[in-house]
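Shown next: my_file-v1.cif, given as mmCIF, C-alpha atoms and all ligand atoms.
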data_upload
#
loop_
_atom_site.label_atom_id
_atom_site.label_comp_id
_atom_site.auth_asym_id
_atom_site.auth_seq_id
_atom_site.Cartn_x
_atom_site.Cartn_y
_atom_site.Cartn_z
CA MET A 1 0.00 0.00 0.00
CA GLN A 2 1.36 3.45 -1.02
CA ILE A 3 0.41 4.97 2.30
CA TYR A 4 3.11 2.97 4.13
CA HIS A 5 5.82 4.87 2.27
CA ILE A 6 4.87 8.24 3.76
CA PRO A 7 7.10 8.43 6.86
CA TRP A 8 4.90 10.67 9.06
CA ILE A 9 1.84 8.52 8.51
CA TYR A 10 3.59 5.23 8.95
CA THR A 11 3.43 4.84 12.75
CA PRO A 12 -0.19 5.89 13.30
CA VAL A 13 -1.31 3.72 10.42
CA ARG A 14 0.62 0.78 11.79
CA THR A 15 -0.90 1.32 15.23
CA VAL A 16 -4.41 1.53 13.88
CA LEU A 17 -3.87 -1.52 11.74
CA ALA A 18 -2.45 -3.43 14.67
CA ILE A 19 -5.45 -2.63 16.87
CA TRP A 20 -7.75 -3.36 13.99
CA HIS A 21 -6.05 -6.69 13.39
CA GLN A 22 -6.38 -7.50 17.08
CA LEU A 23 -10.11 -6.77 17.13
CA THR A 24 -11.07 -8.36 13.86
CA LYS A 25 -8.75 -11.30 13.54
CA ALA A 26 -8.34 -12.30 17.15
CA GLU A 27 -10.78 -10.66 19.53
CA ILE A 28 -13.92 -9.91 17.50
CA PRO A 29 -13.58 -11.67 14.15
CA GLU A 30 -17.26 -10.92 13.40
CA LEU A 31 -16.26 -7.29 12.76
CA ALA A 32 -14.34 -8.40 9.71
CA LYS A 33 -17.49 -9.62 7.93
CA CYS A 34 -18.03 -7.77 4.65
CA SER A 35 -21.54 -6.83 5.80
CA VAL A 36 -20.00 -4.68 8.57
CA LEU A 37 -19.37 -1.00 7.80
CA MET A 38 -17.69 1.52 10.09
CA ARG A 39 -16.99 5.21 9.62
CA GLU A 40 -14.34 5.41 12.34
CA ARG A 41 -12.95 2.01 13.12
CA GLY A 42 -10.49 3.43 15.63
CA ARG A 43 -13.26 5.04 17.68
CA VAL A 44 -15.26 1.81 17.66
CA GLU A 45 -12.25 -0.12 18.94
CA GLU A 46 -11.53 2.42 21.66
CA THR A 47 -15.15 2.46 22.78
CA ILE A 48 -15.38 -1.33 22.90
CA HIS A 49 -12.19 -1.53 24.93
CA ALA A 50 -13.36 1.19 27.34
CA MET A 51 -16.65 -0.66 27.79
CA GLN A 52 -14.78 -3.90 28.40
CA ARG A 53 -12.61 -2.27 31.07
CA ALA A 54 -15.74 -0.97 32.84
CA GLY A 55 -17.40 -4.38 32.55
CA ALA A 56 -20.94 -5.74 32.66
CA GLY A 57 -21.81 -3.78 35.80
CA SER A 58 -21.53 -0.49 33.90
CA LEU A 59 -23.43 -1.62 30.84
CA GLN A 60 -27.01 -1.25 29.65
CA VAL A 61 -28.43 -2.28 26.29
CA ILE A 62 -31.14 -0.26 24.58
CA SER A 63 -32.72 -1.83 21.54
CA ASP A 64 -35.46 -1.17 19.06
CA PHE A 65 -37.67 -4.22 18.37
CA ASP A 66 -39.24 -4.53 14.90
CA MET A 67 -36.62 -5.28 12.26
CA THR A 68 -33.86 -4.91 14.87
CA LEU A 69 -34.44 -7.80 17.27
CA THR A 70 -36.80 -9.36 14.73
CA LYS A 71 -35.73 -10.26 11.21
CA PHE A 72 -36.53 -8.00 8.30
CA ALA A 73 -37.00 -10.90 5.88
CA HIS A 74 -36.79 -14.67 5.86
CA ASN A 75 -36.56 -16.81 2.72
CA GLY A 76 -37.25 -13.75 0.61
CA ARG A 77 -40.45 -12.83 2.46
CA ARG A 78 -40.96 -9.91 4.85
CA VAL A 79 -41.24 -10.87 8.51
CA PRO A 80 -44.25 -9.17 10.14
CA THR A 81 -43.82 -6.24 12.51
CA THR A 82 -45.83 -6.24 15.75
CA HIS A 83 -48.51 -4.16 14.00
CA ASN A 84 -48.65 -6.61 11.13
CA ILE A 85 -48.94 -9.63 13.43
CA LEU A 86 -52.39 -8.22 14.27
CA ASP A 87 -53.37 -8.82 10.64
CA ASN A 88 -55.07 -12.10 11.46
CA ARG A 89 -58.74 -12.95 10.88
CA LEU A 90 -58.98 -13.90 14.54
CA LEU A 91 -58.56 -10.23 15.36
CA ILE A 92 -59.45 -7.99 12.42
CA SER A 93 -61.74 -8.02 9.39
CA GLU A 94 -60.72 -8.30 5.74
CA ASP A 95 -61.68 -4.69 5.22
CA CYS A 96 -59.40 -3.59 8.07
CA THR A 97 -56.52 -5.63 6.58
CA LYS A 98 -57.03 -3.84 3.29
CA LYS A 99 -57.04 -0.40 4.90
CA MET A 100 -53.95 -1.16 7.02
CA SER A 101 -52.03 -2.40 4.03
CA GLU A 102 -52.97 0.73 2.02
CA LEU A 103 -51.64 2.82 4.89
CA LEU A 104 -48.45 0.76 5.02
CA ASN A 105 -47.92 1.21 1.28
CA THR A 106 -48.39 4.96 1.66
CA TYR A 107 -46.39 5.69 4.80
CA TYR A 108 -43.61 3.07 4.98
CA PRO A 109 -41.86 4.54 1.89
CA ILE A 110 -42.01 7.92 3.63
CA GLU A 111 -40.57 6.46 6.86
CA ILE A 112 -37.49 5.17 5.04
CA ASP A 113 -37.15 7.97 2.46
CA PRO A 114 -33.56 9.28 2.74
CA SER A 115 -34.44 12.51 0.94
CA ARG A 116 -36.82 13.71 3.69
CA THR A 117 -35.76 14.97 7.09
CA ALA A 118 -37.02 13.52 10.37
CA GLU A 119 -38.89 16.81 10.95
CA GLU A 120 -40.74 16.38 7.66
CA LYS A 121 -41.56 12.78 8.44
CA LEU A 122 -42.73 13.36 11.99
CA PRO A 123 -46.33 14.59 11.38
CA LEU A 124 -46.81 11.94 8.71
CA MET A 125 -45.75 9.20 11.10
CA VAL A 126 -48.23 10.51 13.70
CA GLU A 127 -50.87 10.37 10.97
CA TRP A 128 -49.98 6.75 10.08
CA TRP A 129 -49.89 5.43 13.64
CA THR A 130 -53.06 7.32 14.62
CA LYS A 131 -55.04 6.01 11.64
CA VAL A 132 -53.91 2.43 12.24
CA HIS A 133 -54.65 2.57 15.96
CA GLU A 134 -58.12 3.96 15.26
CA LEU A 135 -58.77 1.09 12.85
CA LEU A 136 -57.59 -1.45 15.42
CA ILE A 137 -59.81 0.05 18.12
CA GLN A 138 -62.83 -0.19 15.81
CA GLN A 139 -62.12 -3.92 15.49
CA ARG A 140 -62.64 -4.48 19.23
CA ILE A 141 -59.62 -6.79 19.32
CA ARG A 142 -59.83 -9.45 22.05
CA LYS A 143 -56.90 -9.68 24.44
CA ASP A 144 -57.34 -13.42 24.88
CA LEU A 145 -56.71 -14.02 21.16
CA LEU A 146 -53.39 -12.14 20.93
CA ALA A 147 -51.26 -15.14 21.94
CA GLN A 148 -52.89 -17.30 19.28
CA ALA A 149 -52.35 -14.60 16.62
CA VAL A 150 -48.64 -14.45 17.52
CA LYS A 151 -48.42 -18.27 17.36
CA GLU A 152 -50.01 -18.30 13.91
CA SER A 153 -47.80 -15.48 12.60
CA SER A 154 -44.41 -15.78 10.96
CA ALA A 155 -42.84 -13.45 13.55
CA MET A 156 -39.18 -14.30 13.88
CA LEU A 157 -36.38 -13.00 16.06
CA ARG A 158 -32.93 -12.71 14.47
CA ASP A 159 -30.68 -15.77 14.42
CA GLY A 160 -28.68 -15.81 17.65
CA TYR A 161 -31.45 -14.02 19.61
CA LYS A 162 -31.38 -16.62 22.38
CA GLY A 163 -27.68 -16.09 23.05
CA PHE A 164 -28.30 -12.33 23.12
CA PHE A 165 -31.18 -12.38 25.62
CA ASP A 166 -29.76 -15.21 27.75
CA HIS A 167 -26.29 -13.69 27.99
CA LEU A 168 -27.62 -10.30 29.07
CA SER A 169 -29.80 -11.99 31.66
CA GLU A 170 -26.92 -14.13 32.99
CA GLN A 171 -24.70 -11.03 33.24
CA GLN A 172 -27.55 -9.07 34.86
CA VAL A 173 -27.27 -6.38 32.21
CA PRO A 174 -30.58 -4.51 31.79
CA LEU A 175 -32.10 -4.67 28.32
CA LEU A 176 -34.49 -1.84 27.49
CA ILE A 177 -36.59 -2.60 24.43
CA PHE A 178 -37.86 0.67 23.05
CA SER A 179 -40.44 0.06 20.38
CA ALA A 180 -42.88 2.05 18.31
CA GLY A 181 -44.68 -1.22 17.71
CA VAL A 182 -47.42 -2.75 19.86
CA GLY A 183 -46.14 -3.61 23.35
CA ASP A 184 -48.63 -6.39 24.10
CA VAL A 185 -47.70 -8.19 20.88
CA LEU A 186 -43.98 -7.61 21.44
CA GLU A 187 -44.22 -9.14 24.93
CA GLU A 188 -46.01 -12.17 23.52
CA VAL A 189 -43.33 -12.67 20.84
CA ILE A 190 -40.50 -12.72 23.38
CA ARG A 191 -42.56 -14.80 25.85
CA GLN A 192 -43.28 -17.44 23.20
CA ASN A 193 -39.56 -17.49 22.35
CA ARG A 194 -38.78 -18.00 26.05
CA VAL A 195 -36.55 -14.95 26.41
CA PHE A 196 -38.75 -12.59 28.45
CA HIS A 197 -36.22 -12.57 31.29
CA PRO A 198 -36.45 -10.39 34.44
CA ASN A 199 -33.78 -7.97 33.13
CA VAL A 200 -36.02 -6.92 30.21
CA ARG A 201 -37.88 -3.59 30.36
CA ILE A 202 -40.17 -2.41 27.56
CA ILE A 203 -41.31 1.01 26.44
CA SER A 204 -43.90 0.77 23.68
CA ASN A 205 -47.49 1.44 22.62
CA TYR A 206 -49.63 -0.64 24.95
CA MET A 207 -53.25 -1.54 24.34
CA ASP A 208 -55.91 -0.65 26.86
CA PHE A 209 -58.56 -3.33 27.27
CA ASP A 210 -61.99 -2.74 28.77
CA GLN A 211 -61.69 -5.36 31.49
CA ALA A 212 -64.17 -3.66 33.83
CA VAL A 213 -67.18 -4.03 31.53
CA HIS A 214 -66.53 -7.69 31.06
CA GLN A 215 -65.89 -8.23 34.69
CA LEU A 216 -69.42 -6.97 35.45
CA GLN A 217 -71.00 -9.03 32.69
CA SER A 218 -69.12 -12.10 33.85
CA LEU A 219 -70.39 -11.71 37.38
CA HIS A 220 -73.91 -12.21 36.07
CA GLU A 221 -73.04 -14.87 33.49
CA VAL A 222 -70.66 -17.16 35.34
CA THR A 223 -71.70 -19.30 38.24
CA VAL A 224 -68.25 -20.74 39.07
CA PRO A 225 -65.80 -18.53 41.04
CA LEU A 226 -63.99 -16.04 38.79
CA THR A 227 -60.23 -16.09 38.68
CA GLU A 228 -58.28 -12.94 37.90
CA HIS A 229 -56.98 -14.67 34.78
CA CYS A 230 -60.51 -15.12 33.56
CA LEU A 231 -61.32 -11.45 34.13
CA VAL A 232 -58.23 -10.11 32.38
CA ASN A 233 -58.67 -12.37 29.38
CA LYS A 234 -62.13 -11.00 28.72
CA GLY A 235 -60.80 -7.58 27.66
CA VAL A 236 -61.56 -5.89 24.36
CA LEU A 237 -59.34 -3.13 22.89
CA ARG A 238 -60.79 0.29 23.60
CA ALA A 239 -57.73 2.60 23.30
CA PHE A 240 -53.96 2.81 23.32
CA ARG A 241 -52.35 3.90 26.55
CA GLY A 242 -50.13 6.94 27.09
CA GLN A 243 -48.23 9.06 24.64
CA LEU A 244 -48.04 7.63 21.11
CA ILE A 245 -44.57 6.33 20.22
CA HIS A 246 -43.58 6.35 16.55
CA THR A 247 -40.24 6.00 14.81
CA PHE A 248 -39.25 9.65 15.10
CA ASN A 249 -40.30 10.68 18.61
CA LYS A 250 -38.32 8.20 20.67
CA ARG A 251 -36.34 11.05 22.21
CA GLU A 252 -39.42 12.21 24.15
CA GLY A 253 -40.03 8.66 25.39
CA ALA A 254 -36.39 8.35 26.36
CA LEU A 255 -36.53 11.53 28.42
CA SER A 256 -39.90 10.89 30.04
CA HIS A 257 -39.81 7.10 30.61
CA ALA A 258 -36.35 5.56 30.17
CA ALA A 259 -34.63 8.24 32.24
CA GLY A 260 -36.77 7.22 35.22
CA LEU A 261 -35.98 3.51 35.15
CA ARG A 262 -34.07 2.74 38.34
CA GLU A 263 -32.32 -0.36 37.00
CA LEU A 264 -30.63 1.73 34.30
CA GLN A 265 -29.13 4.22 36.76
CA GLY A 266 -25.39 4.03 37.36
CA ARG A 267 -24.75 2.25 34.07
CA PRO A 268 -22.96 4.86 31.94
CA ASN A 269 -22.08 2.57 29.03
CA VAL A 270 -24.72 1.94 26.41
CA LEU A 271 -24.92 -0.49 23.55
CA LEU A 272 -27.70 0.80 21.30
CA LEU A 273 -29.30 -1.28 18.53
CA GLY A 274 -31.69 0.09 15.92
CA ASP A 275 -32.77 -0.04 12.32
CA SER A 276 -33.88 3.55 11.86
CA LEU A 277 -32.09 6.87 12.28
CA GLY A 278 -34.87 7.75 14.73
CA ASP A 279 -33.60 4.97 17.00
CA LEU A 280 -30.41 6.93 17.67
CA THR A 281 -32.29 9.11 20.17
CA MET A 282 -33.27 6.13 22.35
CA ALA A 283 -30.31 6.76 24.66
CA ASP A 284 -31.07 10.47 25.13
CA GLY A 285 -32.45 9.78 28.61
CA VAL A 286 -29.19 8.29 29.85
CA SER A 287 -27.67 10.89 32.14
CA GLU A 288 -23.92 11.03 32.63
CA HIS A 289 -23.19 8.49 29.94
CA GLU A 290 -19.56 7.62 29.30
CA ASN A 291 -19.56 5.47 26.17
CA ILE A 292 -22.35 4.89 23.68
CA LEU A 293 -21.80 2.40 20.89
CA THR A 294 -24.51 2.41 18.23
CA ILE A 295 -25.22 -0.47 15.86
CA GLY A 296 -27.62 0.05 12.96
CA PHE A 297 -29.22 -2.72 10.92
CA LEU A 298 -29.54 -1.50 7.34
CA ASN A 299 -32.23 -3.81 6.02
CA ASP A 300 -33.90 -2.01 3.15
CA GLN A 301 -33.00 0.55 0.44
CA VAL A 302 -29.35 -0.18 1.11
CA LYS A 303 -27.82 1.82 -1.72
CA GLU A 304 -29.89 4.92 -1.02
CA ARG A 305 -29.41 4.90 2.76
CA LYS A 306 -25.89 3.53 3.20
CA GLU A 307 -24.18 6.91 3.45
CA SER A 308 -26.53 8.34 6.05
CA TYR A 309 -26.36 5.15 8.14
CA VAL A 310 -22.56 5.05 8.06
CA ASN A 311 -22.49 8.73 9.04
CA SER A 312 -24.90 8.18 11.91
CA PHE A 313 -24.28 4.74 13.46
CA ASP A 314 -20.87 3.59 14.71
CA ILE A 315 -21.36 0.16 13.16
CA VAL A 316 -23.70 -0.59 10.27
CA LEU A 317 -24.79 -4.15 9.49
CA VAL A 318 -25.93 -4.49 5.91
CA LYS A 319 -28.61 -7.08 5.23
CA ASP A 320 -27.46 -9.14 8.19
CA GLU A 321 -30.36 -11.15 9.67
CA THR A 322 -28.30 -12.35 12.62
CA MET A 323 -27.27 -11.13 16.06
CA ASP A 324 -23.70 -12.33 15.43
CA VAL A 325 -22.03 -8.91 15.67
CA PRO A 326 -23.93 -7.61 18.75
CA ASN A 327 -23.38 -10.99 20.43
CA ALA A 328 -19.65 -10.96 19.72
CA ILE A 329 -19.31 -7.40 21.04
CA LEU A 330 -21.29 -8.27 24.16
CA ARG A 331 -19.18 -11.35 24.81
CA PHE A 332 -16.07 -9.21 24.46
CA ILE A 333 -17.31 -6.41 26.72
CA THR A 334 -18.40 -8.83 29.46
CA SER A 335 -15.36 -11.10 29.22
CA LEU A 336 -13.27 -9.48 31.97
CA ARG A 337 -14.30 -11.04 35.26
CA ASP A 338 -12.71 -8.54 37.62
CA SER A 339 -14.25 -5.37 36.25
CA LYS A 340 -16.69 -3.45 38.43
N1 LIG A 401 -49.02 0.46 11.21
C1 LIG A 401 -47.70 0.26 11.29
C2 LIG A 401 -46.87 1.18 11.93
C3 LIG A 401 -45.53 0.91 11.98
N2 LIG A 401 -45.04 -0.20 11.42
C4 LIG A 401 -43.60 -0.49 11.49
O1 LIG A 401 -43.24 -0.83 12.81
C5 LIG A 401 -41.98 -0.28 13.13
C6 LIG A 401 -42.02 0.31 14.51
O2 LIG A 401 -41.54 -0.47 15.48
P1 LIG A 401 -40.03 -0.39 16.12
O3 LIG A 401 -40.02 -1.55 17.08
O4 LIG A 401 -39.07 -0.56 14.97
O5 LIG A 401 -39.87 0.93 16.81
C7 LIG A 401 -41.71 0.84 12.16
O6 LIG A 401 -40.40 0.80 11.67
C8 LIG A 401 -42.77 0.67 11.07
O7 LIG A 401 -42.20 0.44 9.80
C9 LIG A 401 -45.88 -1.09 10.81
O8 LIG A 401 -45.40 -2.15 10.31
N3 LIG A 401 -47.21 -0.84 10.75
#
Could you express the structure from this file as structure tokens?
Amino acid sequence: MQIYHIPWIYTPVRTVLAIWHQLTKAEIPELAKCSVLMRERGRVEETIHAMQRAGAGSLQVISDFDMTLTKFAHNGRRVPTTHNILDNRLLISEDCTKKMSELLNTYYPIEIDPSRTAEEKLPLMVEWWTKVHELLIQQRIRKDLLAQAVKESSAMLRDGYKGFFDHLSEQQVPLLIFSAGVGDVLEEVIRQNRVFHPNVRIISNYMDFDQAVHQLQSLHEVTVPLTEHCLVNKGVLRAFRGQLIHTFNKREGALSHAAGLRELQGRPNVLLLGDSLGDLTMADGVSEHENILTIGFLNDQVKERKESYVNSFDIVLVKDETMDVPNAILRFITSLRDSK
């Protein structure tokens, strides 16, 4: 390489290459995959090493859900998001399916359009989520059928998900899942995959079911004693709870909800996983952070969005349906036993 012949650049280049060799070839070989892009390899290496020195006790993981912890596609077919899992005749009518898919075809291209700013997209995302939630409420979705709808769906977590969730749980590292999807569905997906461990916290759009009405009706209808389970399962969707979360307002959620989570306090190092530029604000509620390493899954419109992703995330994973890279980084960070 020509660059080696320039005397003043020789030493720094050699140092960087040596560290790079160490990380890719020996310590984290997954970073050498051709699907991995990095703007500043040196900074990534330094951050990973600093996080390793601080250890598992200083770490928290903040992750988006749809198309980040779940796959984008499998065998050439799109994997459903939590909203799309609700597209099941058990829960919604054919007409509602049609309307939701028209909305998806209108707004999803806007969500991922690299030529529009987040500010431009914001009101349109509110419009999309609001319209879909109104449609879902009209369907009077039954809470007791959600688990069956998830079972029947082709929802799929990324390959290596079990290692990811289990390792974080074993190391007692809190995992905050921050999703603009549907929280109740998200919970069911991770429960059915047996990874809803006690270290998992979720911020998302949760459904509000009208349990009270059914409780009263049941008291008249049922002659056997009512269990709480029976009462809760009778609910029908009547609203969504709290402030709407969409792809481009996660900062507000981070400041109002995540910042208050006690289990995240005193953990200044953050590994952040997302698939949208809007996900980068998910760590904005972390006060006194020391190191934040961001990993972005670039699933769709790769050519058009590559530049902005590489400029925004520390590590970009192009069309990678696995958790290999996050898992390797986590293993590395948590590998020193004596750290605090
Ligand atoms: N009606 C909708 C609304 C949104 N989506 C997609 O879900 C994703 C949001 O969830 P995250 O866990 O990624 O925050 C978002 O990227 C939308 O594309 C949908 O499928 N249907």
With 8 Å as the cut-off and all atoms listed in the file counted, what is the closest atom pair between each nearby residue of chain A and ligand LIG 401 (chain A)? Distances in Å to one decimal, ordered by chain and number, as a Markdown table.
| residue | atom | partner | partner_atom | distance |
| --- | --- | --- | --- | --- |
| A:Asp64 | CA | A:LIG401 | O3 | 5.0 |
| A:Phe65 | CA | A:LIG401 | O3 | 3.8 |
| A:Asp66 | CA | A:LIG401 | O3 | 3.8 |
| A:Met67 | CA | A:LIG401 | O4 | 6.0 |
| A:Thr68 | CA | A:LIG401 | O4 | 6.8 |
| A:Pro80 | CA | A:LIG401 | O8 | 7.1 |
| A:Thr81 | CA | A:LIG401 | O8 | 4.9 |
| A:Thr82 | CA | A:LIG401 | O1 | 6.7 |
| A:His83 | CA | A:LIG401 | N3 | 4.8 |
| A:Asn84 | CA | A:LIG401 | O8 | 5.6 |
| A:Met100 | CA | A:LIG401 | N1 | 6.7 |
| A:Leu103 | CA | A:LIG401 | N1 | 7.2 |
| A:Leu104 | CA | A:LIG401 | N3 | 6.1 |
| A:Tyr108 | CA | A:LIG401 | O7 | 5.7 |
| A:Glu111 | CA | A:LIG401 | O7 | 6.9 |
| A:Trp128 | CA | A:LIG401 | N1 | 6.5 |
| A:Trp129 | CA | A:LIG401 | C2 | 5.5 |
| A:Val132 | CA | A:LIG401 | N1 | 5.4 |
| A:His133 | CA | A:LIG401 | N1 | 7.7 |
| A:Phe178 | CA | A:LIG401 | O5 | 6.6 |
| A:Ser179 | CA | A:LIG401 | O3 | 3.7 |
| A:Ala180 | CA | A:LIG401 | O5 | 3.5 |
| A:Gly181 | CA | A:LIG401 | O2 | 3.9 |
| A:Val182 | CA | A:LIG401 | O2 | 7.7 |
| A:Ser204 | CA | A:LIG401 | O5 | 8.0 |
| A:Ile245 | CA | A:LIG401 | O5 | 7.9 |
| A:His246 | CA | A:LIG401 | C6 | 6.6 |
| A:Thr247 | CA | A:LIG401 | O5 | 5.5 |
| A:Gly274 | CA | A:LIG401 | O4 | 7.5 |
| A:Asp275 | CA | A:LIG401 | O4 | 6.9 |
| A:Ser276 | CA | A:LIG401 | O6 | 7.1 |
| A:Asp279 | CA | A:LIG401 | O5 | 7.5 |
Can you report as AutoDock Vina command-line options the centre and edge lengths in Å, to one decimal, of an axis-aligned box around the listed atoms of segment 47-60 of chain A padded with 6 Å on each side?
--center_x -19.6 --center_y -1.6 --center_z 29.3 --size_x 26.8 --size_y 20.2 --size_z 25.0
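Atom CA of Asn269 of chain A is positioned 21.5 Å from atom CA of Tyr309 of chain A.
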(message) Under the rule that all atoms listed in the file are counted, which of A:Gln148, A:Gln172, A:Thr130, A:Ser115 is the nearest residue to Glu188 of chain A?
(response)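 Counting all atoms listed in the file, the residue closest to Glu188 of chain A is A:Gln148.
Taking all atoms listed in the file into account, Ala258 of chain A lies nearest to A:Val61 out of the set A:Leu135, A:Ile92, A:Ala50, A:Val61.
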(request) Find the spatial neighbours of Phe297 of chain A, counting all atoms listed in the file, within a cut-off of 12 Å - ignore same-chain residues fewer than 3 positions away - and output them as number ranges by chain. (result) A: 35-37, 63-72, 158, 272-277, 279-280, 294, 300-302, 305-306, 309-310, 312-326
Could you save those same residues with C-alpha atoms as a short mmCIF file (atom, residue, chain, number, x, y, z; two decimals), in the frame of the given file?
data_model
loop_
_atom_site.label_atom_id
_atom_site.label_comp_id
_atom_site.auth_asym_id
_atom_site.auth_seq_id
_atom_site.Cartn_x
_atom_site.Cartn_y
_atom_site.Cartn_z
CA SER A 35 -21.54 -6.83 5.80
CA VAL A 36 -20.00 -4.68 8.57
CA LEU A 37 -19.37 -1.00 7.80
CA SER A 63 -32.72 -1.83 21.54
CA ASP A 64 -35.46 -1.17 19.06
CA PHE A 65 -37.67 -4.22 18.37
CA ASP A 66 -39.24 -4.53 14.90
CA MET A 67 -36.62 -5.28 12.26
CA THR A 68 -33.86 -4.91 14.87
CA LEU A 69 -34.44 -7.80 17.27
CA THR A 70 -36.80 -9.36 14.73
CA LYS A 71 -35.73 -10.26 11.21
CA PHE A 72 -36.53 -8.00 8.30
CA ARG A 158 -32.93 -12.71 14.47
CA LEU A 272 -27.70 0.80 21.30
CA LEU A 273 -29.30 -1.28 18.53
CA GLY A 274 -31.69 0.09 15.92
CA ASP A 275 -32.77 -0.04 12.32
CA SER A 276 -33.88 3.55 11.86
CA LEU A 277 -32.09 6.87 12.28
CA ASP A 279 -33.60 4.97 17.00
CA LEU A 280 -30.41 6.93 17.67
CA THR A 294 -24.51 2.41 18.23
CA ASP A 300 -33.90 -2.01 3.15
CA GLN A 301 -33.00 0.55 0.44
CA VAL A 302 -29.35 -0.18 1.11
CA ARG A 305 -29.41 4.90 2.76
CA LYS A 306 -25.89 3.53 3.20
CA TYR A 309 -26.36 5.15 8.14
CA VAL A 310 -22.56 5.05 8.06
CA SER A 312 -24.90 8.18 11.91
CA PHE A 313 -24.28 4.74 13.46
CA ASP A 314 -20.87 3.59 14.71
CA ILE A 315 -21.36 0.16 13.16
CA VAL A 316 -23.70 -0.59 10.27
CA LEU A 317 -24.79 -4.15 9.49
CA VAL A 318 -25.93 -4.49 5.91
CA LYS A 319 -28.61 -7.08 5.23
CA ASP A 320 -27.46 -9.14 8.19
CA GLU A 321 -30.36 -11.15 9.67
CA THR A 322 -28.30 -12.35 12.62
CA MET A 323 -27.27 -11.13 16.06
CA ASP A 324 -23.70 -12.33 15.43
CA VAL A 325 -22.03 -8.91 15.67
CA PRO A 326 -23.93 -7.61 18.75
#
(request) Have a look at A:Met125, A:Cys96, A:Val44, A:Met207 and name the one nearest to Lys143 of chain A; count only C-alpha atoms. (result)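 Between A:Met125, A:Cys96, A:Val44, A:Met207, the residue approaching Lys143 of chain A most closely is A:Met207.
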(message) I need the residue nearest Gly285 of chain A from this list: A:Gln139, A:Asn88, A:Gln52, A:Ser256. Use all atoms listed in the file for the distance.
(response) A:Ser256
